[in-house]
Amino acid sequence: YSQHVEHQSLYWLRYYSQISFSPTIQWNNEIDNRRFFNPDVENQLIINSHLHYSWQKWDVGAGMTFSWIFAQKPELNYNFAIMELRPFAEVSHEQPIGKVYLQNRIRLDNRFLQNNPEISVWEQSYYILRIRYRAQVTIPLKKDDNEISKISLRLSDEIMFNTKENVFDQNRIDVTLDFYVNKNISVEPGYVYLYQHRLKLDEYFSRNVIRFSLIHRISLY
């Protein structure tokens, strides 16, 4: 018995804003556009909005994700997008170890998936809870005269499980370089590898992703 695995290449373009109301309260908003390389077809559009409270080495956050899933296989046509509403909550802890920073994060995704293209997800949906655990290491590579990191390397591995259907959802490995243009703007080119089990199907995706992010920090205090 062998699993059917689809090998795919994608690129993700992301804008991420961080609005700080105080040293401990932050509102984050994100737009993530995901497309296949060849052919250049839309895969997914994701919008996140979440509020965070930080205290010492801990951070807790909660918010909402809006997701539109288009083509899962770029060679096949699609006639509609499947919408998902995803209220979520997370907690993370970051610990410095020498010159590097180790972060552990747990996130709970409450996924409400549109199961009929003729009926709005707001009226009818399929619910599944997804549990995510991520381990992440941040390594400063270059600092300025004030010992503030200007360039850093971030490595992470995140595994996700569902509470029903296929228990294993996906594993995601991420390698990212962070370049600070100034205190408000940074750019993050990176590579993501993800191995995903399609929900309710005996099919897997092996995806190589090139990602580029623009991070915009706004301080209101």
# chains A, B, ... in the order shown; residues from 1 in each chain; ligands from 1
>>> residues_around(residues="Glu203 of chain A", least_positions_apart="2", cutoff="9 Å", atoms="only C-alpha atoms", output="MDAnalysis selection string")
chainID A and resid 3:6 196:201 205
>>> residues_around(residues="Arg107 of chain A", least_positions_apart="2", cutoff="9 Å", atoms="only C-alpha atoms", output="number ranges by chain")
A: 88-92, 105, 109, 130-134
>>> write_last_selection(atoms="C-alpha atoms", output="PDB file, in the first residue's frame")
ATOM      1  CA  PHE A  88      -8.248  30.969  17.215  1.00  0.00           C
ATOM      2  CA  ALA A  89      -6.347  31.390  20.467  1.00  0.00           C
ATOM      3  CA  GLU A  90      -2.672  30.862  21.207  1.00  0.00           C
ATOM      4  CA  VAL A  91      -0.050  31.075  23.924  1.00  0.00           C
ATOM      5  CA  SER A  92       3.716  31.268  23.451  1.00  0.00           C
ATOM      6  CA  ARG A 105       3.801  28.099  20.837  1.00  0.00           C
ATOM      7  CA  ASP A 109      -7.851  26.683  15.460  1.00  0.00           C
ATOM      8  CA  ARG A 130      -7.060  21.788  14.970  1.00  0.00           C
ATOM      9  CA  ILE A 131      -4.220  21.757  17.530  1.00  0.00           C
ATOM     10  CA  ARG A 132      -0.881  23.267  16.502  1.00  0.00           C
ATOM     11  CA  TYR A 133       2.497  23.129  18.248  1.00  0.00           C
ATOM     12  CA  ARG A 134       5.491  25.118  16.984  1.00  0.00           C
TER      13      ARG A 134
END
>>> residues_around(residues="Leu76 of chain A", least_positions_apart="6", cutoff="12 Å", atoms="only C-alpha atoms", output="NGL selection string")
:A and (38-39 or 41-43 or 70)
>>> write_last_selection(atoms="N, CA, C and O atoms", output="PDB file, in the first residue's frame")
ATOM      1  N   ASN A  38       3.576  27.178 -11.423  1.00  0.00           N
ATOM      2  CA  ASN A  38       3.323  26.773 -12.806  1.00  0.00           C
ATOM      3  C   ASN A  38       2.224  25.707 -12.871  1.00  0.00           C
ATOM      4  O   ASN A  38       2.452  24.582 -12.424  1.00  0.00           O
ATOM      5  N   PRO A  39       1.049  26.088 -13.400  1.00  0.00           N
ATOM      6  CA  PRO A  39       0.702  27.430 -13.866  1.00  0.00           C
ATOM      7  C   PRO A  39       0.471  28.385 -12.693  1.00  0.00           C
ATOM      8  O   PRO A  39       0.270  27.944 -11.562  1.00  0.00           O
ATOM      9  N   VAL A  41      -1.531  30.006 -10.631  1.00  0.00           N
ATOM     10  CA  VAL A  41      -2.941  29.888 -10.251  1.00  0.00           C
ATOM     11  C   VAL A  41      -3.078  30.163  -8.750  1.00  0.00           C
ATOM     12  O   VAL A  41      -2.207  29.796  -7.955  1.00  0.00           O
ATOM     13  N   GLU A  42      -4.180  30.811  -8.379  1.00  0.00           N
ATOM     14  CA  GLU A  42      -4.438  31.113  -6.968  1.00  0.00           C
ATOM     15  C   GLU A  42      -4.693  29.834  -6.180  1.00  0.00           C
ATOM     16  O   GLU A  42      -5.490  28.990  -6.584  1.00  0.00           O
ATOM     17  N   ASN A  43      -3.999  29.706  -5.054  1.00  0.00           N
ATOM     18  CA  ASN A  43      -4.209  28.576  -4.147  1.00  0.00           C
ATOM     19  C   ASN A  43      -5.057  28.982  -2.944  1.00  0.00           C
ATOM     20  O   ASN A  43      -6.049  28.336  -2.623  1.00  0.00           O
ATOM     21  N   PHE A  70      -8.883  28.206  -3.105  1.00  0.00           N
ATOM     22  CA  PHE A  70      -9.177  28.115  -4.531  1.00  0.00           C
ATOM     23  C   PHE A  70      -8.681  26.758  -5.037  1.00  0.00           C
ATOM     24  O   PHE A  70      -9.139  25.731  -4.582  1.00  0.00           O
TER      25      PHE A  70
END
>>> residues_around(residues="Asp144 of chain A", least_positions_apart="3", cutoff="12 Å", atoms="only C-alpha atoms", output="PyMOL selection string")
chain A and resi 140-141+147-151+180-183
>>> write_last_selection(atoms="all heavy atoms", output="short mmCIF file (atom, residue, chain, number, x, y, z; two decimals), in the first residue's frame")
data_model
loop_
_atom_site.label_atom_id
_atom_site.label_comp_id
_atom_site.auth_asym_id
_atom_site.auth_seq_id
_atom_site.Cartn_x
_atom_site.Cartn_y
_atom_site.Cartn_z
N PRO A 140 20.31 35.79 16.21
CA PRO A 140 20.77 37.09 15.69
C PRO A 140 22.09 36.92 14.93
O PRO A 140 23.01 36.26 15.40
CB PRO A 140 20.98 37.92 16.97
CG PRO A 140 20.21 37.19 18.04
CD PRO A 140 20.26 35.75 17.67
N LEU A 141 22.15 37.52 13.74
CA LEU A 141 23.35 37.44 12.92
C LEU A 141 24.12 38.76 12.89
O LEU A 141 25.33 38.77 12.71
CB LEU A 141 22.99 37.03 11.49
CG LEU A 141 22.28 35.68 11.32
CD1 LEU A 141 21.97 35.44 9.85
CD2 LEU A 141 23.13 34.54 11.89
N GLU A 147 22.88 47.22 20.17
CA GLU A 147 22.65 45.79 20.40
C GLU A 147 21.26 45.34 20.01
O GLU A 147 20.70 44.40 20.56
CB GLU A 147 22.93 45.41 21.87
CG GLU A 147 24.40 45.36 22.24
CD GLU A 147 25.16 44.32 21.42
OE1 GLU A 147 24.81 43.14 21.50
OE2 GLU A 147 26.10 44.71 20.70
N ILE A 148 20.66 46.05 19.03
CA ILE A 148 19.37 45.66 18.49
C ILE A 148 19.62 44.86 17.21
O ILE A 148 20.40 45.27 16.35
CB ILE A 148 18.50 46.89 18.18
CG1 ILE A 148 18.20 47.65 19.49
CG2 ILE A 148 17.20 46.48 17.49
CD1 ILE A 148 17.46 48.94 19.28
N SER A 149 18.96 43.72 17.10
CA SER A 149 19.19 42.83 15.96
C SER A 149 18.76 43.48 14.65
O SER A 149 17.66 44.00 14.53
CB SER A 149 18.43 41.52 16.16
OG SER A 149 18.63 40.66 15.07
N LYS A 150 19.66 43.48 13.66
CA LYS A 150 19.37 44.01 12.34
C LYS A 150 19.10 42.88 11.33
O LYS A 150 18.30 43.03 10.43
CB LYS A 150 20.53 44.87 11.85
CG LYS A 150 20.84 46.06 12.75
CD LYS A 150 19.73 47.09 12.75
CE LYS A 150 19.63 47.83 11.45
NZ LYS A 150 18.59 48.89 11.47
N ILE A 151 19.80 41.77 11.50
CA ILE A 151 19.61 40.61 10.66
C ILE A 151 19.56 39.38 11.56
O ILE A 151 20.41 39.22 12.44
CB ILE A 151 20.74 40.44 9.62
CG1 ILE A 151 20.87 41.69 8.74
CG2 ILE A 151 20.48 39.22 8.74
CD1 ILE A 151 22.04 41.63 7.79
N TYR A 180 16.04 44.03 9.00
CA TYR A 180 15.41 45.27 9.45
C TYR A 180 15.88 46.42 8.58
O TYR A 180 17.07 46.77 8.57
CB TYR A 180 15.75 45.54 10.91
CG TYR A 180 14.85 44.85 11.90
CD1 TYR A 180 14.92 43.47 12.08
CD2 TYR A 180 13.90 45.56 12.64
CE1 TYR A 180 14.09 42.82 12.97
CE2 TYR A 180 13.07 44.92 13.53
CZ TYR A 180 13.16 43.54 13.69
OH TYR A 180 12.33 42.90 14.57
N VAL A 181 14.95 47.04 7.83
CA VAL A 181 15.27 48.22 7.04
C VAL A 181 15.42 49.42 7.97
O VAL A 181 16.36 50.21 7.85
CB VAL A 181 14.18 48.47 5.99
CG1 VAL A 181 14.47 49.73 5.18
CG2 VAL A 181 14.04 47.26 5.07
N ASN A 182 14.50 49.56 8.91
CA ASN A 182 14.57 50.54 9.99
C ASN A 182 13.73 49.98 11.13
O ASN A 182 13.31 48.82 11.11
CB ASN A 182 14.10 51.93 9.54
CG ASN A 182 12.72 51.89 8.90
OD1 ASN A 182 11.79 51.27 9.41
ND2 ASN A 182 12.57 52.56 7.74
N LYS A 183 13.46 50.79 12.15
CA LYS A 183 12.73 50.28 13.31
C LYS A 183 11.29 49.94 13.00
O LYS A 183 10.63 49.21 13.76
CB LYS A 183 12.80 51.29 14.46
CG LYS A 183 12.05 52.59 14.20
CD LYS A 183 12.08 53.50 15.41
CE LYS A 183 11.27 54.77 15.17
NZ LYS A 183 11.27 55.64 16.38
#
>>> residues_around(residues="Arg154 of chain A", least_positions_apart="2", cutoff="9 Å", atoms="only C-alpha atoms", output="list in words")
Gln136, Val137, Thr138, Ile139, Pro140, Ser152, Ser156, Asp174, Val175, Thr176, Leu177 and Asp178 of chain A
>>> write_last_selection(atoms="all heavy atoms", output="CSV table (one decimal), in the first residue's frame")
chain,number,residue,atom,x,y,z
A,136,GLN,N,10.5,27.1,17.8
A,136,GLN,CA,11.1,28.1,16.9
A,136,GLN,C,12.4,28.6,17.6
A,136,GLN,O,12.4,28.8,18.8
A,136,GLN,CB,10.2,29.2,16.6
A,136,GLN,CG,10.8,30.3,15.8
A,136,GLN,CD,9.7,31.4,15.4
A,136,GLN,OE1,8.9,31.2,14.5
A,136,GLN,NE2,9.7,32.5,16.1
A,137,VAL,N,13.5,28.7,16.8
A,137,VAL,CA,14.7,29.3,17.2
A,137,VAL,C,15.0,30.5,16.4
A,137,VAL,O,15.0,30.5,15.2
A,137,VAL,CB,15.9,28.2,17.1
A,137,VAL,CG1,17.2,28.9,17.5
A,137,VAL,CG2,15.6,27.0,18.0
A,138,THR,N,15.4,31.6,17.1
A,138,THR,CA,15.8,32.8,16.4
A,138,THR,C,17.3,33.1,16.8
A,138,THR,O,17.6,33.2,17.9
A,138,THR,CB,14.9,34.0,16.8
A,138,THR,OG1,13.6,33.7,16.5
A,138,THR,CG2,15.4,35.3,16.1
A,139,ILE,N,18.1,33.3,15.7
A,139,ILE,CA,19.5,33.5,15.9
A,139,ILE,C,19.9,34.8,15.3
A,139,ILE,O,19.9,35.1,14.1
A,139,ILE,CB,20.3,32.4,15.2
A,139,ILE,CG1,19.8,31.0,15.6
A,139,ILE,CG2,21.8,32.5,15.4
A,139,ILE,CD1,20.4,29.8,14.7
A,140,PRO,N,20.3,35.8,16.2
A,140,PRO,CA,20.8,37.1,15.7
A,140,PRO,C,22.1,36.9,14.9
A,140,PRO,O,23.0,36.3,15.4
A,140,PRO,CB,21.0,37.9,17.0
A,140,PRO,CG,20.2,37.2,18.0
A,140,PRO,CD,20.3,35.7,17.7
A,152,SER,N,18.6,38.5,11.4
A,152,SER,CA,18.5,37.3,12.2
A,152,SER,C,18.0,36.2,11.3
A,152,SER,O,17.3,36.4,10.3
A,152,SER,CB,17.6,37.5,13.4
A,152,SER,OG,16.3,37.9,13.0
A,156,SER,N,12.0,27.1,12.3
A,156,SER,CA,10.8,26.6,13.1
A,156,SER,C,10.3,25.3,12.5
A,156,SER,O,10.5,25.0,11.3
A,156,SER,CB,9.7,27.6,13.1
A,156,SER,OG,9.1,27.8,11.8
A,174,ASP,N,10.2,25.7,8.5
A,174,ASP,CA,10.3,27.1,8.0
A,174,ASP,C,11.7,27.6,8.3
A,174,ASP,O,12.2,27.5,9.4
A,174,ASP,CB,9.3,28.0,8.7
A,174,ASP,CG,9.2,29.4,8.2
A,174,ASP,OD1,10.2,29.9,7.7
A,174,ASP,OD2,8.1,30.0,8.4
A,175,VAL,N,12.3,28.2,7.2
A,175,VAL,CA,13.6,28.8,7.4
A,175,VAL,C,13.5,30.3,6.8
A,175,VAL,O,13.2,30.5,5.6
A,175,VAL,CB,14.7,28.1,6.6
A,175,VAL,CG1,16.1,28.8,6.8
A,175,VAL,CG2,14.8,26.6,7.0
A,176,THR,N,13.8,31.3,7.7
A,176,THR,CA,13.5,32.7,7.3
A,176,THR,C,14.7,33.6,7.7
A,176,THR,O,15.2,33.4,8.8
A,176,THR,CB,12.2,33.2,7.9
A,176,THR,OG1,11.1,32.4,7.6
A,176,THR,CG2,11.9,34.6,7.5
A,177,LEU,N,15.0,34.5,6.9
A,177,LEU,CA,16.0,35.6,7.2
A,177,LEU,C,15.2,36.9,7.4
A,177,LEU,O,14.3,37.2,6.6
A,177,LEU,CB,17.0,35.8,6.1
A,177,LEU,CG,18.2,34.8,6.1
A,177,LEU,CD1,19.0,35.1,4.8
A,177,LEU,CD2,19.1,35.0,7.3
A,178,ASP,N,15.5,37.5,8.6
A,178,ASP,CA,14.8,38.8,8.9
A,178,ASP,C,15.8,39.9,8.7
A,178,ASP,O,16.8,40.0,9.3
A,178,ASP,CB,14.3,38.8,10.3
A,178,ASP,CG,13.3,37.7,10.6
A,178,ASP,OD1,12.8,37.1,9.7
A,178,ASP,OD2,13.1,37.4,11.8
>>> atom_distance(atom1="atom CA of Gln18 of chain A", atom2="atom CA of Ala62 of chain A")
14.3 Å
>>> closest_residue(among="A:Asn79, A:Ser219, A:Gln56, A:Gln124", to="Ile19 of chain A", atoms="only C-alpha atoms")
A:Ser219
>>> atom_distance(atom1="atom CA of Glu123 of chain A", atom2="atom CA of Asn110 of chain A")
16.2 Å
>>> residues_around(residues="Phe212 of chain A", least_positions_apart="2", cutoff="7 Å", atoms="only C-alpha atoms", output="ChimeraX atom specification")
/A:12-14,188-190,210,214
>>> write_last_selection(atoms="N, CA and C atoms", output="PDB file, in the first residue's frame")
ATOM      1  N   TRP A  12       4.370  32.461  -1.642  1.00  0.00           N
ATOM      2  CA  TRP A  12       3.474  33.165  -0.733  1.00  0.00           C
ATOM      3  C   TRP A  12       3.964  34.600  -0.577  1.00  0.00           C
ATOM      4  N   LEU A  13       3.069  35.566  -0.754  1.00  0.00           N
ATOM      5  CA  LEU A  13       3.382  36.978  -0.562  1.00  0.00           C
ATOM      6  C   LEU A  13       2.541  37.492   0.607  1.00  0.00           C
ATOM      7  N   ARG A  14       3.223  38.092   1.594  1.00  0.00           N
ATOM      8  CA  ARG A  14       2.530  38.420   2.846  1.00  0.00           C
ATOM      9  C   ARG A  14       2.848  39.832   3.302  1.00  0.00           C
ATOM     10  N   GLU A 188      11.273  39.789   5.058  1.00  0.00           N
ATOM     11  CA  GLU A 188      11.579  38.417   5.462  1.00  0.00           C
ATOM     12  C   GLU A 188      11.449  37.471   4.268  1.00  0.00           C
ATOM     13  N   PRO A 189      12.530  37.213   3.546  1.00  0.00           N
ATOM     14  CA  PRO A 189      12.502  36.129   2.565  1.00  0.00           C
ATOM     15  C   PRO A 189      12.675  34.791   3.276  1.00  0.00           C
ATOM     16  N   GLY A 190      12.011  33.761   2.784  1.00  0.00           N
ATOM     17  CA  GLY A 190      12.111  32.472   3.474  1.00  0.00           C
ATOM     18  C   GLY A 190      11.690  31.305   2.605  1.00  0.00           C
ATOM     19  N   ILE A 210       8.346  29.265  -1.609  1.00  0.00           N
ATOM     20  CA  ILE A 210       9.160  30.460  -1.429  1.00  0.00           C
ATOM     21  C   ILE A 210       8.243  31.546  -0.879  1.00  0.00           C
ATOM     22  N   LEU A 214       6.552  41.345   4.167  1.00  0.00           N
ATOM     23  CA  LEU A 214       6.853  42.720   4.539  1.00  0.00           C
ATOM     24  C   LEU A 214       6.205  42.977   5.890  1.00  0.00           C
TER      25      LEU A 214
END
>>> select_by_dssp(residues="chain A", states="strand (DSSP E or B)", output="NGL selection string")
:A and (4-20 or 25-36 or 42-55 or 58-69 or 82-97 or 100-113 or 126-143 or 149-162 or 168-180 or 185-197 or 203-219)
>>> atom_distance(atom1="atom CA of Ala81 of chain A", atom2="atom CA of Phe66 of chain A")
12.2 Å
